[in-house]
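Colleague: Below: one structure in C-alpha cells.
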Amino acid sequence: MPPYVAPAWLPGCHAQTLWPRALHPTPPPYRRERWEAPDGDFIDADRIDAPPDRPLLVLFHGLEGSSRSPYAAALARVCRASRWRLALPHFRGCSGELNRRPRAYHSGDSAEIDWILARLAAENGERPVFAAGVSLGGNALLKWAGERGAGAASRARAIAAVCAPLDLAACGHHLARGFNRVYTRHFLTTLKAVSRARLKQFPGLFDPMRMEAASNLYQFDDAVTGPLHGFAGADDYWARCSAKPWLAHIRVPALVLNARNDPFLPARYLPGPGEVSPSVVLEQPAAGGHVGFVSGPFPGNLDWLPQRLLHFFDSATS
C-alpha cells in the first residue's frame with residue numbers, strides 16, 4: 001500500500017482532536033455489549049458484525065476517546081465495507097457511564113488490554129484476532145505486547161499502534177508548550193469533568209483542589225492519574241508506562257505508525273531500527289499529524305488509516 005502523503009492543501013500539524021465536527025465521519029450502527037471485568041467493574045464494547053469466518057479487529061481508543069471518535073468511525077465504516085468484524089472496547093468511564101470502581105484507565109494499562117484480548121480470543125476460537133491501538137490505546141497495547149513477548153500470540157495474531165505517545169514524559173511536557181496547550185485544554189476539560197463525578201462517587205479519592213488547579217497533563221497525572229492507579233506521581237507513572245523500552249521485546253508482527261510532524265510527540269523521540277525487535281515495522285511518514293492522515297481533495301477524508309491497518313493485518317498473515 002502506498003505510504004501516506006498529505007494533500008497539498010492540508011496544514012502542517014493536524015490532529016483529529018480538533019477536527020471540525022462537521023467533517024467527522026458517521027459510524028455505522030454499533031451493537032453494544034456490557035462486559036463484566038475481573039475486579040467486578042464493567043466496560044462497554046461496541047461491535048460491528050460480519051460472518052464468523054471473517055477476521056476480528058479489536059480497536060483500543062485514545063485518551064477520552066470512544067467509538068464515536070473520528071478514527072474509530074472511519075475504521076468502523078471500512079470494516080463494514082470490507083466485511084471485517086470489529087470490537088471497540090471502551091476504557092473505563094469512556095462509554096458515557098461512570099464505571100463502578102475507583103480506578104479509571106491509563107497509558108500503561110496492559111492488564112486491562114490482556115483480559116479484553118483474552119476474552120475475545122476465547123470467543124473467536126481458532127479464527128485470527130488482530131488488535132490496533134490509537135494514541136494512549138496504542139501505547140498500552142505495545143507495552144502489553146512487550147511484556148508478554150511470545151505469549152502475546154495466544155491473544156492476537158498481529159498488532160498495530162497509531163501515533164502512540166511512546167515516551168510519555170516527552171509527550172506530556174511537549175503538550176504543555178506553545179500551541180499544543182490547545183490540545184491539553186481539550187483533554188483537561190473532559191478529564192476534570194469525569195474526575196469531579198468520580199469524587200462524588202468516592203469522596204477523598206484524590207485532592208480536588210490539586211485536580212482543579214491542574215493546567216497541564218503533568219499536574220493532572222501527578223494529582224489524579226498516578227495516585228489513582230498506584231503510581232507515586234506523574235514522573236513514576238510516565239517512566240513505568242512508556243511503551244518505547246518494550247519495543248525490543250515484542251514477538252508478534254507489529255506496525256508502529258508515527259507521523260514525524262505529530263504535535264504530541266517530537267520526531268527526535270521516535271524509535272530507530274536498533275531500538276525495536278525484528279517483529280516491529282516502524283513507519284514514520286513526514287506528515288500525518290496526530291491521528292490525522294487526511295487524504296483526498298478538500299475537505300478530505302480519513303480512509304487512508306483504516307485501509308493501511310487492514311492491509312498490514314492481511315500481509316502479516318499471508
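Ligands are numbered from 1 in the order shown, chains are lettered A, B, ... in the order of the C-alpha cells, and residues start at 1 in each chain.
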Mind checking which residues fall within 9 Å of range 100-112 of chain A, counting only C-alpha atoms, ignoring those fewer than 2 positions away in the same chain, and posting them as number ranges by chain?
Modeller: A: 37, 39-42, 62-63, 91-93, 98, 114-117, 135-145, 147, 165, 168, 198-199, 201-202, 205, 225-226, 228-229, 237-238, 240-243
Colleague: Excluding range 267-270 of chain A and any residue of its chain fewer than 4 positions from it, enumerate the residues within 8 Å of it, using only C-alpha atoms, and give them as a PyMOL selection string.
Modeller: chain A and resi 166-167+170+258-262
Colleague: Please save N, CA, C and O atoms of the selected residues as a short mmCIF file (atom, residue, chain, number, x, y, z; two decimals), in the first residue's frame.
Modeller:
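The file below, out-v8.cif, is the result:
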data_model
loop_
_atom_site.label_atom_id
_atom_site.label_comp_id
_atom_site.auth_asym_id
_atom_site.auth_seq_id
_atom_site.Cartn_x
_atom_site.Cartn_y
_atom_site.Cartn_z
N LEU A 166 4.98 7.17 22.70
CA LEU A 166 5.91 6.13 23.15
C LEU A 166 6.79 6.57 24.32
O LEU A 166 7.21 5.74 25.13
N ASP A 167 7.07 7.85 24.41
CA ASP A 167 7.81 8.44 25.53
C ASP A 167 6.86 9.41 26.22
O ASP A 167 6.67 10.54 25.78
N ALA A 170 8.23 12.89 27.36
CA ALA A 170 8.45 13.80 26.24
C ALA A 170 7.13 14.34 25.71
O ALA A 170 7.00 15.55 25.42
N ASN A 258 3.95 6.35 13.32
CA ASN A 258 4.03 7.68 13.93
C ASN A 258 4.41 8.70 12.87
O ASN A 258 5.44 8.54 12.21
N ALA A 259 3.61 9.73 12.71
CA ALA A 259 3.97 10.82 11.81
C ALA A 259 5.08 11.66 12.44
O ALA A 259 5.07 11.92 13.65
N ARG A 260 6.01 12.09 11.65
CA ARG A 260 7.13 12.88 12.17
C ARG A 260 6.72 14.31 12.50
O ARG A 260 7.48 15.03 13.16
N ASN A 261 5.54 14.73 12.05
CA ASN A 261 5.06 16.07 12.42
C ASN A 261 3.92 15.99 13.44
O ASN A 261 3.13 16.92 13.56
N ASP A 262 3.86 14.88 14.18
CA ASP A 262 2.84 14.74 15.22
C ASP A 262 3.05 15.84 16.28
O ASP A 262 4.13 15.92 16.87
#
Colleague: I need the residues of range 32-89 of chain A that end up classed as alpha helix (DSSP H) by DSSP on the backbone, written out as a tab-separated table (two decimals) with all heavy atoms, in the first residue's frame.
Modeller:
chain	number	residue	atom	x	y	z
A	70	PRO	N	-13.43	10.23	15.51
A	70	PRO	CA	-13.34	10.17	14.04
A	70	PRO	C	-12.59	8.96	13.52
A	70	PRO	O	-13.02	8.32	12.56
A	70	PRO	CB	-12.62	11.48	13.69
A	70	PRO	CG	-12.97	12.41	14.81
A	70	PRO	CD	-13.04	11.56	16.03
A	71	TYR	N	-11.43	8.61	14.12
A	71	TYR	CA	-10.67	7.46	13.64
A	71	TYR	C	-11.44	6.17	13.84
A	71	TYR	O	-11.34	5.25	13.02
A	71	TYR	CB	-9.30	7.40	14.32
A	71	TYR	CG	-9.36	7.39	15.84
A	71	TYR	CD1	-9.63	6.23	16.55
A	71	TYR	CD2	-9.13	8.56	16.56
A	71	TYR	CE1	-9.69	6.23	17.93
A	71	TYR	CE2	-9.20	8.56	17.93
A	71	TYR	CZ	-9.49	7.40	18.63
A	71	TYR	OH	-9.56	7.41	20.00
A	72	ALA	N	-12.21	6.06	14.93
A	72	ALA	CA	-12.99	4.86	15.19
A	72	ALA	C	-14.13	4.74	14.19
A	72	ALA	O	-14.42	3.65	13.66
A	72	ALA	CB	-13.53	4.87	16.61
A	73	ALA	N	-14.81	5.85	13.93
A	73	ALA	CA	-15.90	5.84	12.97
A	73	ALA	C	-15.40	5.49	11.57
A	73	ALA	O	-16.03	4.71	10.84
A	73	ALA	CB	-16.60	7.20	12.96
A	74	ALA	N	-14.24	6.06	11.19
A	74	ALA	CA	-13.68	5.75	9.87
A	74	ALA	C	-13.31	4.28	9.76
A	74	ALA	O	-13.57	3.62	8.74
A	74	ALA	CB	-12.45	6.62	9.62
A	75	LEU	N	-12.71	3.72	10.81
A	75	LEU	CA	-12.35	2.31	10.80
A	75	LEU	C	-13.60	1.43	10.76
A	75	LEU	O	-13.64	0.42	10.04
A	75	LEU	CB	-11.50	1.97	12.02
A	75	LEU	CG	-11.03	0.51	12.12
A	75	LEU	CD1	-10.17	0.14	10.92
A	75	LEU	CD2	-10.26	0.28	13.42
A	76	ALA	N	-14.63	1.79	11.51
A	76	ALA	CA	-15.86	1.01	11.51
A	76	ALA	C	-16.49	0.96	10.13
A	76	ALA	O	-16.99	-0.08	9.68
A	76	ALA	CB	-16.84	1.59	12.54
A	77	ARG	N	-16.46	2.09	9.43
A	77	ARG	CA	-17.04	2.13	8.09
A	77	ARG	C	-16.28	1.23	7.12
A	77	ARG	O	-16.87	0.49	6.33
A	77	ARG	CB	-17.05	3.57	7.58
A	77	ARG	CG	-18.07	4.45	8.26
A	77	ARG	CD	-17.75	5.93	8.08
A	77	ARG	NE	-17.79	6.36	6.69
A	77	ARG	CZ	-18.79	7.06	6.15
A	77	ARG	NH1	-19.85	7.39	6.88
A	77	ARG	NH2	-18.74	7.43	4.89
A	78	VAL	N	-14.93	1.26	7.20
A	78	VAL	CA	-14.13	0.44	6.31
A	78	VAL	C	-14.26	-1.04	6.68
A	78	VAL	O	-14.33	-1.91	5.79
A	78	VAL	CB	-12.66	0.90	6.35
A	78	VAL	CG1	-11.75	-0.10	5.65
A	78	VAL	CG2	-12.54	2.28	5.69
A	79	CYS	N	-14.32	-1.34	7.96
A	79	CYS	CA	-14.52	-2.74	8.38
A	79	CYS	C	-15.84	-3.28	7.85
A	79	CYS	O	-15.92	-4.41	7.35
A	79	CYS	CB	-14.48	-2.85	9.90
A	79	CYS	SG	-12.81	-2.84	10.60
A	80	ARG	N	-16.88	-2.47	7.96
A	80	ARG	CA	-18.18	-2.92	7.48
A	80	ARG	C	-18.14	-3.15	5.97
A	80	ARG	O	-18.66	-4.17	5.47
A	80	ARG	CB	-19.26	-1.91	7.84
A	80	ARG	CG	-20.67	-2.41	7.54
A	80	ARG	CD	-21.70	-1.39	7.94
A	80	ARG	NE	-23.03	-1.95	7.86
A	80	ARG	CZ	-24.14	-1.25	8.06
A	80	ARG	NH1	-24.08	0.02	8.38
A	80	ARG	NH2	-25.32	-1.82	7.95
A	81	ALA	N	-17.52	-2.23	5.23
A	81	ALA	CA	-17.44	-2.37	3.78
A	81	ALA	C	-16.59	-3.57	3.37
A	81	ALA	O	-16.84	-4.21	2.35
A	81	ALA	CB	-16.89	-1.10	3.16
A	82	SER	N	-15.57	-3.88	4.19
A	82	SER	CA	-14.66	-4.99	3.88
A	82	SER	C	-15.10	-6.30	4.51
A	82	SER	O	-14.39	-7.30	4.39
A	82	SER	CB	-13.24	-4.65	4.36
A	82	SER	OG	-12.78	-3.44	3.79
Colleague: As JSON, numbers by chain, which residues of range 32-207 of chain A does DSSP assign to strand (DSSP E)?
Modeller: {"A": [32, 33, 34, 35, 36, 42, 43, 44, 45, 46, 47, 48, 56, 57, 58, 59, 60, 85, 86, 87, 88, 89, 129, 130, 131, 132, 133, 134, 158, 159, 160, 161, 162]}
Colleague: Pick from A:Ser295, A:Thr184, A:Gln284, A:Thr317: nearest to Val129 in chain A, with only C-alpha atoms counted?
Modeller: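 Closest to Val129 in chain A, using only C-alpha atoms: A:Thr317.
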Colleague: Taking 6 positions as the minimum chain separation for residues in the same chain, which residues sit within 8 Å of Cys171 in chain A when counting only C-alpha atoms? Answer as a CSV table (one decimal) with all heavy atoms, in the first residue's frame.
Modeller:
chain,number,residue,atom,x,y,z
A,165,PRO,N,2.0,7.7,22.1
A,165,PRO,CA,3.0,8.5,22.8
A,165,PRO,C,4.1,7.7,23.5
A,165,PRO,O,4.1,7.5,24.7
A,165,PRO,CB,2.1,9.3,23.8
A,165,PRO,CG,1.0,8.3,24.1
A,165,PRO,CD,0.8,7.5,22.8
A,264,PHE,N,2.0,15.9,19.2
A,264,PHE,CA,2.1,15.4,20.5
A,264,PHE,C,3.5,14.9,20.9
A,264,PHE,O,3.8,14.9,22.1
A,264,PHE,CB,1.1,14.3,20.7
A,264,PHE,CG,-0.4,14.7,20.7
A,264,PHE,CD1,-0.8,15.9,20.2
A,264,PHE,CD2,-1.3,13.9,21.4
A,264,PHE,CE1,-2.1,16.3,20.2
A,264,PHE,CE2,-2.6,14.3,21.4
A,264,PHE,CZ,-3.1,15.5,20.8
A,265,LEU,N,4.2,14.4,19.9
A,265,LEU,CA,5.5,13.7,20.2
A,265,LEU,C,6.5,14.1,19.2
A,265,LEU,O,6.4,13.8,18.0
A,265,LEU,CB,5.4,12.2,20.2
A,265,LEU,CG,6.6,11.4,20.6
A,265,LEU,CD1,7.0,11.6,22.1
A,265,LEU,CD2,6.4,9.9,20.4
A,266,PRO,N,7.5,14.9,19.6
A,266,PRO,CA,8.6,15.4,18.6
A,266,PRO,C,9.3,14.2,18.0
A,266,PRO,O,9.5,13.2,18.6
A,266,PRO,CB,9.5,16.2,19.5
A,266,PRO,CG,8.7,16.6,20.7
A,266,PRO,CD,7.7,15.5,20.9
Colleague: Just give me the gap between CA of Lys192 in chain A and CA of Ala213 in chain A in Å, one decimal is fine.
Modeller: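 Taking CA of Lys192 in chain A and CA of Ala213 in chain A, their separation equals 10.1 Å.
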Colleague: Write out as a list in words the residues lying within 9 Å of Ala169 in chain A, counting only C-alpha atoms and excluding same-chain residues fewer than 5 positions away.
Modeller: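 Everything that qualifies: His174, Tyr218, Ala234, Asp235, Trp238, Ala239 and Ser242 of chain A.
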Colleague: One decimal, in Å: what's the spacing between CA of Leu57 in chain A and CA of Val162 in chain A?
Modeller: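 That distance, rounded to one decimal, is 14.4 Å.
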Colleague: Here is a test: counting only C-alpha atoms, which residue of A:Ala153, A:Leu59, A:Ala158, A:Ala176 is nearest to Ala214 in chain A?
Modeller: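 Looking at the shortest contact to Ala214 in chain A, the residue is A:Ala176.
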Colleague: Considering only C-alpha atoms, can you say which of A:His90, A:Lys200, A:Arg85, A:Arg31 comes closest to Ser67 in chain A?
Modeller: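 Closest candidate: A:His90.
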